[in-house]
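K.L.:
Next comes the structure file work23.cif, holding mmCIF, C-alpha atoms, pLDDT in the B column; chains and numbers go by the auth columns.
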data_input
#
loop_
_atom_site.group_PDB
_atom_site.id
_atom_site.type_symbol
_atom_site.label_atom_id
_atom_site.label_comp_id
_atom_site.label_asym_id
_atom_site.label_seq_id
_atom_site.Cartn_x
_atom_site.Cartn_y
_atom_site.Cartn_z
_atom_site.B_iso_or_equiv
_atom_site.auth_seq_id
_atom_site.auth_asym_id
ATOM 1 C CA MET A 1 46.335 -60.548 11.671 77.00 1 A
ATOM 2 C CA LYS A 2 44.354 -63.321 9.997 88.00 2 A
ATOM 3 C CA PRO A 3 43.725 -66.504 12.005 94.00 3 A
ATOM 4 C CA ALA A 4 45.341 -69.773 11.025 97.00 4 A
ATOM 5 C CA LEU A 5 43.114 -72.041 8.990 98.00 5 A
ATOM 6 C CA GLY A 6 42.708 -74.441 11.916 98.00 6 A
ATOM 7 C CA ASP A 7 41.525 -71.581 14.147 98.00 7 A
ATOM 8 C CA TRP A 8 39.158 -70.299 11.431 98.00 8 A
ATOM 9 C CA LEU A 9 37.586 -73.737 11.162 98.00 9 A
ATOM 10 C CA ALA A 10 37.286 -74.087 14.939 98.00 10 A
ATOM 11 C CA GLU A 11 35.621 -70.736 15.564 97.00 11 A
ATOM 12 C CA ALA A 12 32.224 -71.609 13.999 98.00 12 A
ATOM 13 C CA PRO A 13 30.428 -74.490 12.238 98.00 13 A
ATOM 14 C CA PHE A 14 31.720 -75.172 8.732 98.00 14 A
ATOM 15 C CA THR A 15 30.806 -77.250 5.695 98.00 15 A
ATOM 16 C CA LEU A 16 33.498 -79.480 4.220 98.00 16 A
ATOM 17 C CA THR A 17 33.275 -79.632 0.419 98.00 17 A
ATOM 18 C CA LEU A 18 35.307 -82.236 -1.474 98.00 18 A
ATOM 19 C CA SER A 19 35.766 -81.839 -5.202 97.00 19 A
ATOM 20 C CA SER A 20 35.626 -84.347 -8.003 96.00 20 A
ATOM 21 C CA GLY A 21 38.920 -85.734 -9.309 94.00 21 A
ATOM 22 C CA PHE A 22 39.691 -89.080 -10.887 93.00 22 A
ATOM 23 C CA PHE A 23 40.577 -91.506 -8.052 96.00 23 A
ATOM 24 C CA SER A 24 41.354 -88.556 -5.773 97.00 24 A
ATOM 25 C CA PHE A 25 39.708 -90.230 -2.769 96.00 25 A
ATOM 26 C CA PHE A 26 43.230 -90.997 -1.488 98.00 26 A
ATOM 27 C CA ALA A 27 44.019 -87.256 -1.273 98.00 27 A
ATOM 28 C CA HIS A 28 40.637 -86.476 0.282 98.00 28 A
ATOM 29 C CA GLY A 29 41.305 -89.240 2.811 98.00 29 A
ATOM 30 C CA GLY A 30 44.589 -87.592 3.816 98.00 30 A
ATOM 31 C CA LEU A 31 42.798 -84.285 4.365 98.00 31 A
ATOM 32 C CA ILE A 32 40.113 -85.941 6.476 98.00 32 A
ATOM 33 C CA ALA A 33 42.808 -87.616 8.569 98.00 33 A
ATOM 34 C CA ALA A 34 44.405 -84.221 9.268 98.00 34 A
ATOM 35 C CA LEU A 35 41.057 -82.676 10.241 98.00 35 A
ATOM 36 C CA GLN A 36 40.175 -85.539 12.568 98.00 36 A
ATOM 37 C CA GLU A 37 43.667 -85.409 14.101 98.00 37 A
ATOM 38 C CA ALA A 38 43.132 -81.701 14.854 98.00 38 A
ATOM 39 C CA GLY A 39 39.669 -82.296 16.317 98.00 39 A
ATOM 40 C CA LEU A 40 37.967 -80.403 13.491 98.00 40 A
ATOM 41 C CA ARG A 41 34.599 -81.926 12.621 98.00 41 A
ATOM 42 C CA PRO A 42 32.423 -80.337 9.922 98.00 42 A
ATOM 43 C CA ALA A 43 28.777 -79.536 10.508 98.00 43 A
ATOM 44 C CA ARG A 44 27.990 -80.764 6.990 98.00 44 A
ATOM 45 C CA ILE A 45 29.787 -82.520 4.120 99.00 45 A
ATOM 46 C CA THR A 46 29.162 -82.060 0.400 98.00 46 A
ATOM 47 C CA GLY A 47 30.977 -83.551 -2.566 98.00 47 A
ATOM 48 C CA SER A 48 31.106 -84.926 -6.067 98.00 48 A
ATOM 49 C CA SER A 49 32.516 -88.209 -7.367 98.00 49 A
ATOM 50 C CA ALA A 50 35.656 -89.145 -5.390 97.00 50 A
ATOM 51 C CA GLY A 51 34.716 -86.397 -2.942 98.00 51 A
ATOM 52 C CA ALA A 52 31.293 -87.980 -2.537 98.00 52 A
ATOM 53 C CA LEU A 53 32.787 -91.389 -1.792 98.00 53 A
ATOM 54 C CA THR A 54 35.269 -90.127 0.793 98.00 54 A
ATOM 55 C CA GLY A 55 32.872 -87.652 2.350 98.00 55 A
ATOM 56 C CA ALA A 56 30.136 -90.274 2.651 98.00 56 A
ATOM 57 C CA CYS A 57 32.484 -92.658 4.449 98.00 57 A
ATOM 58 C CA TRP A 58 33.403 -90.050 7.060 98.00 58 A
ATOM 59 C CA ALA A 59 29.840 -88.761 7.401 98.00 59 A
ATOM 60 C CA ALA A 60 28.592 -92.328 7.873 98.00 60 A
ATOM 61 C CA GLY A 61 30.945 -92.862 10.799 97.00 61 A
ATOM 62 C CA LEU A 62 34.073 -94.424 9.308 97.00 62 A
ATOM 63 C CA ASP A 63 37.084 -93.347 11.361 94.00 63 A
ATOM 64 C CA ALA A 64 39.925 -91.703 9.405 96.00 64 A
ATOM 65 C CA ARG A 65 42.289 -94.587 10.184 96.00 65 A
ATOM 66 C CA GLU A 66 39.699 -97.138 9.056 97.00 66 A
ATOM 67 C CA LEU A 67 39.102 -95.081 5.918 97.00 67 A
ATOM 68 C CA ARG A 68 42.824 -95.054 5.194 97.00 68 A
ATOM 69 C CA ASP A 69 43.097 -98.808 5.620 97.00 69 A
ATOM 70 C CA ARG A 70 40.085 -99.471 3.387 97.00 70 A
ATOM 71 C CA LEU A 71 41.327 -97.172 0.636 97.00 71 A
ATOM 72 C CA LEU A 72 44.874 -98.530 0.653 97.00 72 A
ATOM 73 C CA ALA A 73 43.578 -102.105 0.495 97.00 73 A
ATOM 74 C CA LEU A 74 41.594 -101.345 -2.663 97.00 74 A
ATOM 75 C CA GLN A 75 42.378 -103.537 -5.666 97.00 75 A
ATOM 76 C CA LYS A 76 41.165 -103.302 -9.238 98.00 76 A
ATOM 77 C CA GLN A 77 39.159 -106.512 -9.009 97.00 77 A
ATOM 78 C CA ASP A 78 37.134 -105.004 -6.155 97.00 78 A
ATOM 79 C CA PHE A 79 35.237 -102.813 -8.629 97.00 79 A
ATOM 80 C CA TRP A 80 36.096 -104.167 -12.103 98.00 80 A
ATOM 81 C CA ASP A 81 33.065 -105.954 -13.637 98.00 81 A
ATOM 82 C CA PRO A 82 32.774 -105.269 -17.396 98.00 82 A
ATOM 83 C CA ALA A 83 29.314 -105.896 -18.859 97.00 83 A
ATOM 84 C CA PRO A 84 27.270 -104.677 -21.848 97.00 84 A
ATOM 85 C CA GLY A 85 25.503 -101.375 -21.202 96.00 85 A
ATOM 86 C CA LEU A 86 25.945 -97.604 -21.133 95.00 86 A
ATOM 87 C CA GLY A 87 29.439 -97.882 -19.678 97.00 87 A
ATOM 88 C CA LEU A 88 32.250 -100.410 -19.473 98.00 88 A
ATOM 89 C CA LEU A 89 31.579 -101.485 -15.882 98.00 89 A
ATOM 90 C CA ARG A 90 28.221 -102.734 -14.616 98.00 90 A
ATOM 91 C CA GLY A 91 29.002 -101.258 -11.199 98.00 91 A
ATOM 92 C CA GLU A 92 27.638 -104.087 -9.046 98.00 92 A
ATOM 93 C CA ARG A 93 31.066 -104.822 -7.544 98.00 93 A
ATOM 94 C CA PHE A 94 31.465 -101.131 -6.735 98.00 94 A
ATOM 95 C CA ARG A 95 28.050 -101.061 -5.041 98.00 95 A
ATOM 96 C CA THR A 96 28.984 -104.181 -3.067 98.00 96 A
ATOM 97 C CA LEU A 97 32.216 -102.472 -2.002 98.00 97 A
ATOM 98 C CA LEU A 98 30.246 -99.418 -0.845 98.00 98 A
ATOM 99 C CA ARG A 99 27.777 -101.538 1.130 98.00 99 A
ATOM 100 C CA ASP A 100 30.729 -103.140 2.890 97.00 100 A
ATOM 101 C CA MET A 101 32.530 -99.843 3.586 97.00 101 A
ATOM 102 C CA LEU A 102 29.683 -97.628 4.795 98.00 102 A
ATOM 103 C CA PRO A 103 28.753 -98.119 8.458 97.00 103 A
ATOM 104 C CA VAL A 104 25.135 -96.984 7.812 98.00 104 A
ATOM 105 C CA SER A 105 22.918 -97.415 4.778 97.00 105 A
ATOM 106 C CA ARG A 106 20.756 -94.266 4.750 98.00 106 A
ATOM 107 C CA PHE A 107 21.385 -90.518 4.704 98.00 107 A
ATOM 108 C CA ALA A 108 19.137 -90.117 7.748 98.00 108 A
ATOM 109 C CA ASP A 109 21.503 -92.251 9.829 98.00 109 A
ATOM 110 C CA THR A 110 24.800 -90.506 9.034 98.00 110 A
ATOM 111 C CA ALA A 111 26.690 -88.930 11.928 98.00 111 A
ATOM 112 C CA ILE A 112 27.292 -85.784 9.833 98.00 112 A
ATOM 113 C CA PRO A 113 24.650 -84.358 7.451 98.00 113 A
ATOM 114 C CA LEU A 114 25.621 -85.165 3.864 98.00 114 A
ATOM 115 C CA ALA A 115 24.709 -83.878 0.381 98.00 115 A
ATOM 116 C CA LEU A 116 26.104 -85.381 -2.830 98.00 116 A
ATOM 117 C CA SER A 117 26.026 -84.064 -6.386 98.00 117 A
ATOM 118 C CA ALA A 118 25.055 -86.225 -9.364 98.00 118 A
ATOM 119 C CA TRP A 119 24.376 -85.399 -13.014 98.00 119 A
ATOM 120 C CA ASP A 120 20.900 -85.908 -14.462 98.00 120 A
ATOM 121 C CA GLY A 121 21.746 -86.963 -18.013 94.00 121 A
ATOM 122 C CA LEU A 122 18.283 -86.410 -19.483 94.00 122 A
ATOM 123 C CA ALA A 123 17.549 -83.058 -17.811 97.00 123 A
ATOM 124 C CA ARG A 124 21.201 -82.052 -18.199 97.00 124 A
ATOM 125 C CA LYS A 125 21.507 -80.566 -14.725 97.00 125 A
ATOM 126 C CA THR A 126 22.970 -81.338 -11.320 98.00 126 A
ATOM 127 C CA ARG A 127 20.824 -83.111 -8.759 98.00 127 A
ATOM 128 C CA VAL A 128 21.654 -82.897 -5.060 98.00 128 A
ATOM 129 C CA LEU A 129 21.093 -86.202 -3.277 98.00 129 A
ATOM 130 C CA GLU A 130 20.577 -85.938 0.483 98.00 130 A
ATOM 131 C CA ASP A 131 17.972 -88.492 1.511 97.00 131 A
ATOM 132 C CA GLY A 132 17.162 -92.141 0.945 97.00 132 A
ATOM 133 C CA ASP A 133 19.694 -94.918 0.442 98.00 133 A
ATOM 134 C CA LEU A 134 23.388 -94.028 0.570 98.00 134 A
ATOM 135 C CA VAL A 135 24.879 -96.663 -1.726 98.00 135 A
ATOM 136 C CA PRO A 136 22.926 -95.746 -4.898 98.00 136 A
ATOM 137 C CA ALA A 137 23.606 -92.049 -4.269 98.00 137 A
ATOM 138 C CA VAL A 138 27.360 -92.481 -3.796 98.00 138 A
ATOM 139 C CA TYR A 139 27.504 -94.760 -6.818 98.00 139 A
ATOM 140 C CA ALA A 140 25.606 -92.207 -8.927 98.00 140 A
ATOM 141 C CA SER A 141 27.973 -89.411 -7.925 98.00 141 A
ATOM 142 C CA CYS A 142 30.957 -91.608 -8.868 98.00 142 A
ATOM 143 C CA ALA A 143 29.549 -93.033 -12.135 98.00 143 A
ATOM 144 C CA VAL A 144 32.140 -91.672 -14.564 97.00 144 A
ATOM 145 C CA PRO A 145 30.598 -91.730 -18.079 96.00 145 A
ATOM 146 C CA LEU A 146 31.881 -94.509 -20.335 96.00 146 A
ATOM 147 C CA MET A 147 33.592 -96.147 -17.357 97.00 147 A
ATOM 148 C CA PHE A 148 30.535 -96.915 -15.183 98.00 148 A
ATOM 149 C CA GLN A 149 26.958 -97.563 -16.202 98.00 149 A
ATOM 150 C CA PRO A 150 24.585 -94.894 -14.842 98.00 150 A
ATOM 151 C CA ALA A 151 22.552 -95.162 -11.664 98.00 151 A
ATOM 152 C CA ARG A 152 18.770 -95.302 -11.723 96.00 152 A
ATOM 153 C CA ILE A 153 17.235 -93.396 -8.790 97.00 153 A
ATOM 154 C CA ASP A 154 13.563 -92.350 -8.589 95.00 154 A
ATOM 155 C CA GLY A 155 13.207 -92.731 -12.336 94.00 155 A
ATOM 156 C CA LEU A 156 16.271 -90.599 -13.105 96.00 156 A
ATOM 157 C CA TRP A 157 19.408 -91.693 -14.973 97.00 157 A
ATOM 158 C CA LEU A 158 22.317 -90.263 -12.985 98.00 158 A
ATOM 159 C CA TRP A 159 26.041 -90.009 -13.728 98.00 159 A
ATOM 160 C CA ASP A 160 29.167 -88.557 -12.125 98.00 160 A
ATOM 161 C CA GLY A 161 28.496 -85.381 -10.165 98.00 161 A
ATOM 162 C CA GLY A 162 31.672 -83.795 -11.470 96.00 162 A
ATOM 163 C CA ILE A 163 30.070 -83.333 -14.907 96.00 163 A
ATOM 164 C CA GLY A 164 28.054 -80.339 -13.761 96.00 164 A
ATOM 165 C CA ASP A 165 29.431 -79.635 -10.294 97.00 165 A
ATOM 166 C CA ARG A 166 33.112 -80.489 -10.236 96.00 166 A
ATOM 167 C CA ALA A 167 33.521 -78.594 -6.977 97.00 167 A
ATOM 168 C CA GLY A 168 30.838 -80.674 -5.261 98.00 168 A
ATOM 169 C CA ILE A 169 29.430 -77.500 -3.752 98.00 169 A
ATOM 170 C CA ALA A 170 25.813 -77.590 -4.968 98.00 170 A
ATOM 171 C CA GLY A 171 24.694 -79.121 -1.675 98.00 171 A
ATOM 172 C CA ALA A 172 26.183 -76.324 0.466 98.00 172 A
ATOM 173 C CA GLY A 173 23.870 -73.649 1.865 96.00 173 A
ATOM 174 C CA LEU A 174 24.269 -70.084 0.661 94.00 174 A
ATOM 175 C CA ASP A 175 25.205 -68.917 4.165 95.00 175 A
ATOM 176 C CA ASP A 176 27.545 -71.811 4.977 97.00 176 A
ATOM 177 C CA ARG A 177 31.159 -71.263 5.917 98.00 177 A
ATOM 178 C CA VAL A 178 32.838 -73.587 3.436 98.00 178 A
ATOM 179 C CA PHE A 179 36.203 -75.304 3.609 98.00 179 A
ATOM 180 C CA TYR A 180 36.788 -76.524 0.074 98.00 180 A
ATOM 181 C CA HIS A 181 39.381 -79.115 -0.944 98.00 181 A
ATOM 182 C CA HIS A 182 40.135 -78.510 -4.614 97.00 182 A
ATOM 183 C CA ILE A 183 41.703 -81.308 -6.648 94.00 183 A
ATOM 184 C CA ALA A 184 43.648 -79.667 -9.481 84.00 184 A
ATOM 185 C CA SER A 185 42.656 -81.513 -12.667 61.00 185 A
ATOM 186 C CA ARG A 186 45.175 -82.960 -15.077 58.00 186 A
ATOM 187 C CA SER A 187 42.519 -84.663 -17.164 56.00 187 A
ATOM 188 C CA PRO A 188 43.089 -84.515 -20.945 54.00 188 A
ATOM 189 C CA TRP A 189 39.313 -84.088 -21.329 56.00 189 A
ATOM 190 C CA ARG A 190 39.269 -80.689 -19.609 55.00 190 A
ATOM 191 C CA ARG A 191 40.053 -77.602 -21.667 63.00 191 A
ATOM 192 C CA PRO A 192 42.657 -75.245 -20.156 63.00 192 A
ATOM 193 C CA GLY A 193 40.776 -72.399 -18.534 65.00 193 A
ATOM 194 C CA SER A 194 37.533 -74.371 -18.293 69.00 194 A
ATOM 195 C CA PRO A 195 35.169 -72.841 -15.689 69.00 195 A
ATOM 196 C CA ALA A 196 34.859 -76.314 -14.160 66.00 196 A
ATOM 197 C CA LEU A 197 38.493 -76.137 -13.068 76.00 197 A
ATOM 198 C CA LYS A 198 38.149 -72.855 -11.184 87.00 198 A
ATOM 199 C CA ILE A 199 37.738 -72.516 -7.439 94.00 199 A
ATOM 200 C CA PRO A 200 34.169 -71.363 -6.663 92.00 200 A
ATOM 201 C CA ALA A 201 33.840 -67.676 -5.893 89.00 201 A
ATOM 202 C CA ARG A 202 31.587 -67.081 -2.900 92.00 202 A
ATOM 203 C CA ASP A 203 31.680 -65.424 0.509 91.00 203 A
ATOM 204 C CA ASN A 204 32.994 -67.361 3.495 94.00 204 A
ATOM 205 C CA LEU A 205 34.852 -69.938 1.427 97.00 205 A
ATOM 206 C CA GLN A 206 38.401 -70.997 2.201 98.00 206 A
ATOM 207 C CA ALA A 207 40.004 -73.282 -0.360 98.00 207 A
ATOM 208 C CA LEU A 208 42.955 -75.639 -0.090 98.00 208 A
ATOM 209 C CA VAL A 209 44.920 -76.766 -3.145 97.00 209 A
ATOM 210 C CA ILE A 210 47.616 -79.417 -2.653 95.00 210 A
ATOM 211 C CA SER A 211 50.157 -79.572 -5.449 90.00 211 A
ATOM 212 C CA ASP A 212 52.233 -82.426 -6.863 89.00 212 A
ATOM 213 C CA LEU A 213 49.916 -85.240 -5.867 94.00 213 A
ATOM 214 C CA PRO A 214 50.541 -88.465 -7.800 94.00 214 A
ATOM 215 C CA ARG A 215 47.883 -89.323 -10.349 92.00 215 A
ATOM 216 C CA CYS A 216 45.978 -92.476 -9.415 96.00 216 A
ATOM 217 C CA GLY A 217 43.676 -94.730 -11.415 96.00 217 A
ATOM 218 C CA PRO A 218 42.600 -98.349 -11.896 97.00 218 A
ATOM 219 C CA GLU A 219 46.118 -99.260 -13.051 97.00 219 A
ATOM 220 C CA ARG A 220 47.841 -96.871 -10.623 97.00 220 A
ATOM 221 C CA LEU A 221 46.324 -97.801 -7.272 97.00 221 A
ATOM 222 C CA ARG A 222 49.840 -98.390 -5.950 97.00 222 A
ATOM 223 C CA PHE A 223 50.281 -94.592 -5.840 97.00 223 A
ATOM 224 C CA GLY A 224 47.352 -94.249 -3.434 97.00 224 A
ATOM 225 C CA ARG A 225 49.527 -94.503 -0.311 98.00 225 A
ATOM 226 C CA GLU A 226 51.795 -91.716 -1.532 97.00 226 A
ATOM 227 C CA ALA A 227 48.802 -89.511 -2.402 97.00 227 A
ATOM 228 C CA PHE A 228 47.284 -90.093 1.042 98.00 228 A
ATOM 229 C CA GLU A 229 50.482 -89.368 2.951 98.00 229 A
ATOM 230 C CA ARG A 230 51.334 -86.281 0.891 97.00 230 A
ATOM 231 C CA ALA A 231 47.829 -84.901 1.391 98.00 231 A
ATOM 232 C CA LEU A 232 47.987 -85.597 5.128 98.00 232 A
ATOM 233 C CA ALA A 233 51.310 -83.784 5.506 98.00 233 A
ATOM 234 C CA ALA A 234 50.171 -80.874 3.325 97.00 234 A
ATOM 235 C CA ALA A 235 46.880 -80.511 5.196 98.00 235 A
ATOM 236 C CA ARG A 236 48.701 -80.432 8.523 98.00 236 A
ATOM 237 C CA GLU A 237 50.822 -77.587 7.159 98.00 237 A
ATOM 238 C CA ALA A 238 47.791 -75.800 5.725 98.00 238 A
ATOM 239 C CA LEU A 239 46.007 -75.787 9.096 98.00 239 A
ATOM 240 C CA ARG A 240 48.815 -73.537 10.369 98.00 240 A
ATOM 241 C CA ALA A 241 48.618 -71.157 7.376 97.00 241 A
ATOM 242 C CA PRO A 242 46.697 -67.850 7.492 96.00 242 A
ATOM 243 C CA ALA A 243 43.071 -68.070 6.370 96.00 243 A
ATOM 244 C CA ASN A 244 42.715 -64.807 4.465 93.00 244 A
ATOM 245 C CA GLY A 245 40.162 -65.881 1.859 93.00 245 A
ATOM 246 C CA ALA A 246 42.748 -66.590 -0.842 94.00 246 A
ATOM 247 C CA PRO A 247 43.323 -70.233 -1.725 96.00 247 A
ATOM 248 C CA ILE A 248 45.929 -71.899 0.465 97.00 248 A
ATOM 249 C CA ARG A 249 48.373 -73.695 -1.808 96.00 249 A
ATOM 250 C CA VAL A 250 50.720 -76.247 -0.293 94.00 250 A
#
Step by step, read the file and then write its structure as C-alpha cells.
P.N.:
Amino acid sequence: MKPALGDWLAEAPFTLTLSSGFFSFFAHGGLIAALQEAGLRPARITGSSAGALTGACWAAGLDARELRDRLLALQKQDFWDPAPGLGLLRGERFRTLLRDMLPVSRFADTAIPLALSAWDGLARKTRVLEDGDLVPAVYASCAVPLMFQPARIDGLWLWDGGIGDRAGIAGAGLDDRVFYHHIASRSPWRRPGSPALKIPARDNLQALVISDLPRCGPERLRFGREAFERALAAAREALRAPANGAPIRV
C-alpha cells in the first residue's frame, strides 16, 4: 500500500517546487499554509515567477499566516508604476514591496535554501539564481514580458522564469525528492499541448494539481482570498491521498 502524501514527505528530505502561473501566488500560499500546518518543512525550495515570490517569502522566514495576510492585503497600486521602457511597469514599486515583505535580503541568510529560475533574454536560456541579493532575483523571476521591465543582474537582462522553466524545477538537484505544485495554465498565450504545460517527468517527483482555482490578476485581486482558501483545503485533502507517483488531482 502506498503511503499518504504527508507520510511520503515526512519520511525523507524533499524539495518543494512551485510553478509559474499568472498571479498564482495566492494558490501557492494556500499550499504552504497546509504544509506548515502539518509540520512539513522542505529541505530546499525552487520556483519560477509567482512560485519564486511565494517560495522566497517562506524560505526567507515569513510565517504562512503572515504570508497570507501580506498577499490578501495586496492592492494594484502597490506594484503599478507605468514608465517608458521594455515593459509597461518600471518595477520599482514591486521591488519596494519585496524589500518590505522579505525578512532577509540575501540568499545566504534564508532559513531554507532557495533557487529561482529566470530567463536570460539575450542568451535565450534559463538562469538559476541562488546567491546574492534576494529582491533583484525574485523580481527577475517575476518580470513578465511586456508587463514588467527586465531585471539587470551581473550584466544580464533577465525576465520571467516561466518563459523557459514554467515548472520552476531547474534549481532542483537530480537526486532530489521533489514535491511539485503545478498551476494548470489557462493563458491564451499557451498553445494546447505545449510542453511547457506538462508536469515534469523525473524519478522521485510527486505532483499536486488543484483544479477550479479562480483566475487572479491586477484587476482580479479580490479573488485572491478564494484562491488561497481553496488551495489550502485542497492541499489538506491531498496530504491524505496516496503518493503513488501519479499526479494527485484535487
K.L.:
Output, as JSON, the centre and edge lengths in Å (one decimal) of the axis-aligned box that contains all listed atoms of range 58-76 of chain A with 4 Å of margin on each side.
P.N.:
{"center_x": 36.7, "center_y": -96.1, "center_z": 1.1, "size_x": 24.3, "size_y": 22.8, "size_z": 28.6}
K.L.:
May I have the residues within 8 Å of Asp176 in chain A as a PyMOL selection string, using all atoms listed in the file and disregarding those fewer than 2 positions away in the same chain?
P.N.:
chain A and resi 14-15+172-174+178+204
K.L.:
Mind writing the picked residues with C-alpha atoms as a short mmCIF file (atom, residue, chain, number, x, y, z; two decimals), keeping the file's coordinate frame?
P.N.:
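Result saved to selection_14.cif:
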data_model
loop_
_atom_site.label_atom_id
_atom_site.label_comp_id
_atom_site.auth_asym_id
_atom_site.auth_seq_id
_atom_site.Cartn_x
_atom_site.Cartn_y
_atom_site.Cartn_z
CA PHE A 14 31.72 -75.17 8.73
CA THR A 15 30.81 -77.25 5.70
CA ALA A 172 26.18 -76.32 0.47
CA GLY A 173 23.87 -73.65 1.86
CA LEU A 174 24.27 -70.08 0.66
CA VAL A 178 32.84 -73.59 3.44
CA ASN A 204 32.99 -67.36 3.50
#
K.L.:
Compare A:Leu5, A:Ala10, A:Leu197, A:Leu72 by their minimum atom-to-atom distance to Ala43 in chain A, counting only C-alpha atoms, and give me the closest one.
P.N.:
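The answer is A:Ala10, which sits nearest to Ala43 in chain A.
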K.L.:
As a PDB file with C-alpha atoms, in the frame of the given file, please: the residues near range 214-223 of chain A (cut-off 10 Å, only C-alpha atoms, same-chain neighbours under 4 positions excluded).
P.N.:
ATOM      1  CA  GLY A  21      38.920 -85.734  -9.309  1.00 94.00           C
ATOM      2  CA  PHE A  22      39.691 -89.080 -10.887  1.00 93.00           C
ATOM      3  CA  PHE A  23      40.577 -91.506  -8.052  1.00 96.00           C
ATOM      4  CA  SER A  24      41.354 -88.556  -5.773  1.00 97.00           C
ATOM      5  CA  PHE A  25      39.708 -90.230  -2.769  1.00 96.00           C
ATOM      6  CA  PHE A  26      43.230 -90.997  -1.488  1.00 98.00           C
ATOM      7  CA  ALA A  27      44.019 -87.256  -1.273  1.00 98.00           C
ATOM      8  CA  LEU A  71      41.327 -97.172   0.636  1.00 97.00           C
ATOM      9  CA  LEU A  72      44.874 -98.530   0.653  1.00 97.00           C
ATOM     10  CA  ALA A  73      43.578-102.105   0.495  1.00 97.00           C
ATOM     11  CA  LEU A  74      41.594-101.345  -2.663  1.00 97.00           C
ATOM     12  CA  GLN A  75      42.378-103.537  -5.666  1.00 97.00           C
ATOM     13  CA  LYS A  76      41.165-103.302  -9.238  1.00 98.00           C
ATOM     14  CA  GLN A  77      39.159-106.512  -9.009  1.00 97.00           C
ATOM     15  CA  PHE A  79      35.237-102.813  -8.629  1.00 97.00           C
ATOM     16  CA  TRP A  80      36.096-104.167 -12.103  1.00 98.00           C
ATOM     17  CA  SER A 185      42.656 -81.513 -12.667  1.00 61.00           C
ATOM     18  CA  ARG A 186      45.175 -82.960 -15.077  1.00 58.00           C
ATOM     19  CA  SER A 187      42.519 -84.663 -17.164  1.00 56.00           C
ATOM     20  CA  ALA A 227      48.802 -89.511  -2.402  1.00 97.00           C
ATOM     21  CA  PHE A 228      47.284 -90.093   1.042  1.00 98.00           C
ATOM     22  CA  ARG A 230      51.334 -86.281   0.891  1.00 97.00           C
TER      23      ARG A 230
END
K.L.:
Near range 130-140 of chain A, within 10 Å and counting all atoms listed in the file, which residues show up once chain neighbours fewer than 5 positions away are dropped, as an MDAnalysis selection string?
P.N.:
chainID A and resid 46:57 60 91:92 94:102 104:110 113:120 148:153 157:161 171
K.L.:
Using all atoms listed in the file, determine which residues lie at most 10 Å from Glu229 in chain A, disregarding the query and same-chain residues fewer than 3 positions distant; provide the list as number ranges by chain.
P.N.:
A: 26-27, 29-31, 33, 68, 213, 224-226, 232-235
K.L.:
Evaluate the PyMOL selection byres ((chain A and resi 206) around 6) here and jot the selected residues down as JSON, numbers by chain.
P.N.:
{"A": [179, 205, 207, 245]}
K.L.:
For the atom pair CA of Ile210 in chain A and CA of Ala143 in chain A, what is the interatomic distance in Å to one decimal place?
P.N.:
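Answer for the CA of Ile210 in chain A to CA of Ala143 in chain A separation: 24.5 Å.
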K.L.:
Which of these, A:Arg236, A:Pro242, A:Asp203, A:His181, has the shortest distance to Glu37 in chain A once you count only C-alpha atoms?
P.N.:
A:Arg236
K.L.:
From (45.4, -65.0, 8.1), in the file's coordinates, out to 6 Å: which residues are reached, counting all atoms listed in the file? Answer as a list in words.
P.N.:
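Taken together, the residues in range are Met1, Lys2, Pro3, Ala4, Pro242, Ala243 and Asn244 of chain A.
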K.L.:
From the set A:Leu9, A:Leu18, A:Val250, A:Leu40, which residue has the shortest atom-to-atom contact distance to Arg177 in chain A, counting all atoms listed in the file?
P.N.:
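Going through A:Leu9, A:Leu18, A:Val250, A:Leu40 one by one, the smallest distance to Arg177 in chain A is for A:Leu9.
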K.L.:
Can you pull out every residue within 10 Å of Ile199 in chain A, counting all atoms listed in the file, but drop anything in the same chain fewer than 5 positions away, and send it as a list of chain:residue names?
P.N.:
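Here the qualifying residues turn out to be A:Ser19, A:Arg166, A:Ala167, A:Tyr180, A:His181, A:His182, A:Ile183, A:Ala184, A:Leu205, A:Gln206, A:Ala207, A:Leu208, A:Val209, A:Pro247.
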K.L.:
In Å, how far is it from CA of Asp165 in chain A to CA of Leu129 in chain A?
P.N.:
12.7 Å
K.L.:
For CA of Lys198 in chain A and CA of Ala241 in chain A, quote the distance in Å rounded to one decimal.
P.N.:
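Spanning CA of Lys198 in chain A to CA of Ala241 in chain A is a straight-line distance of 21.4 Å.
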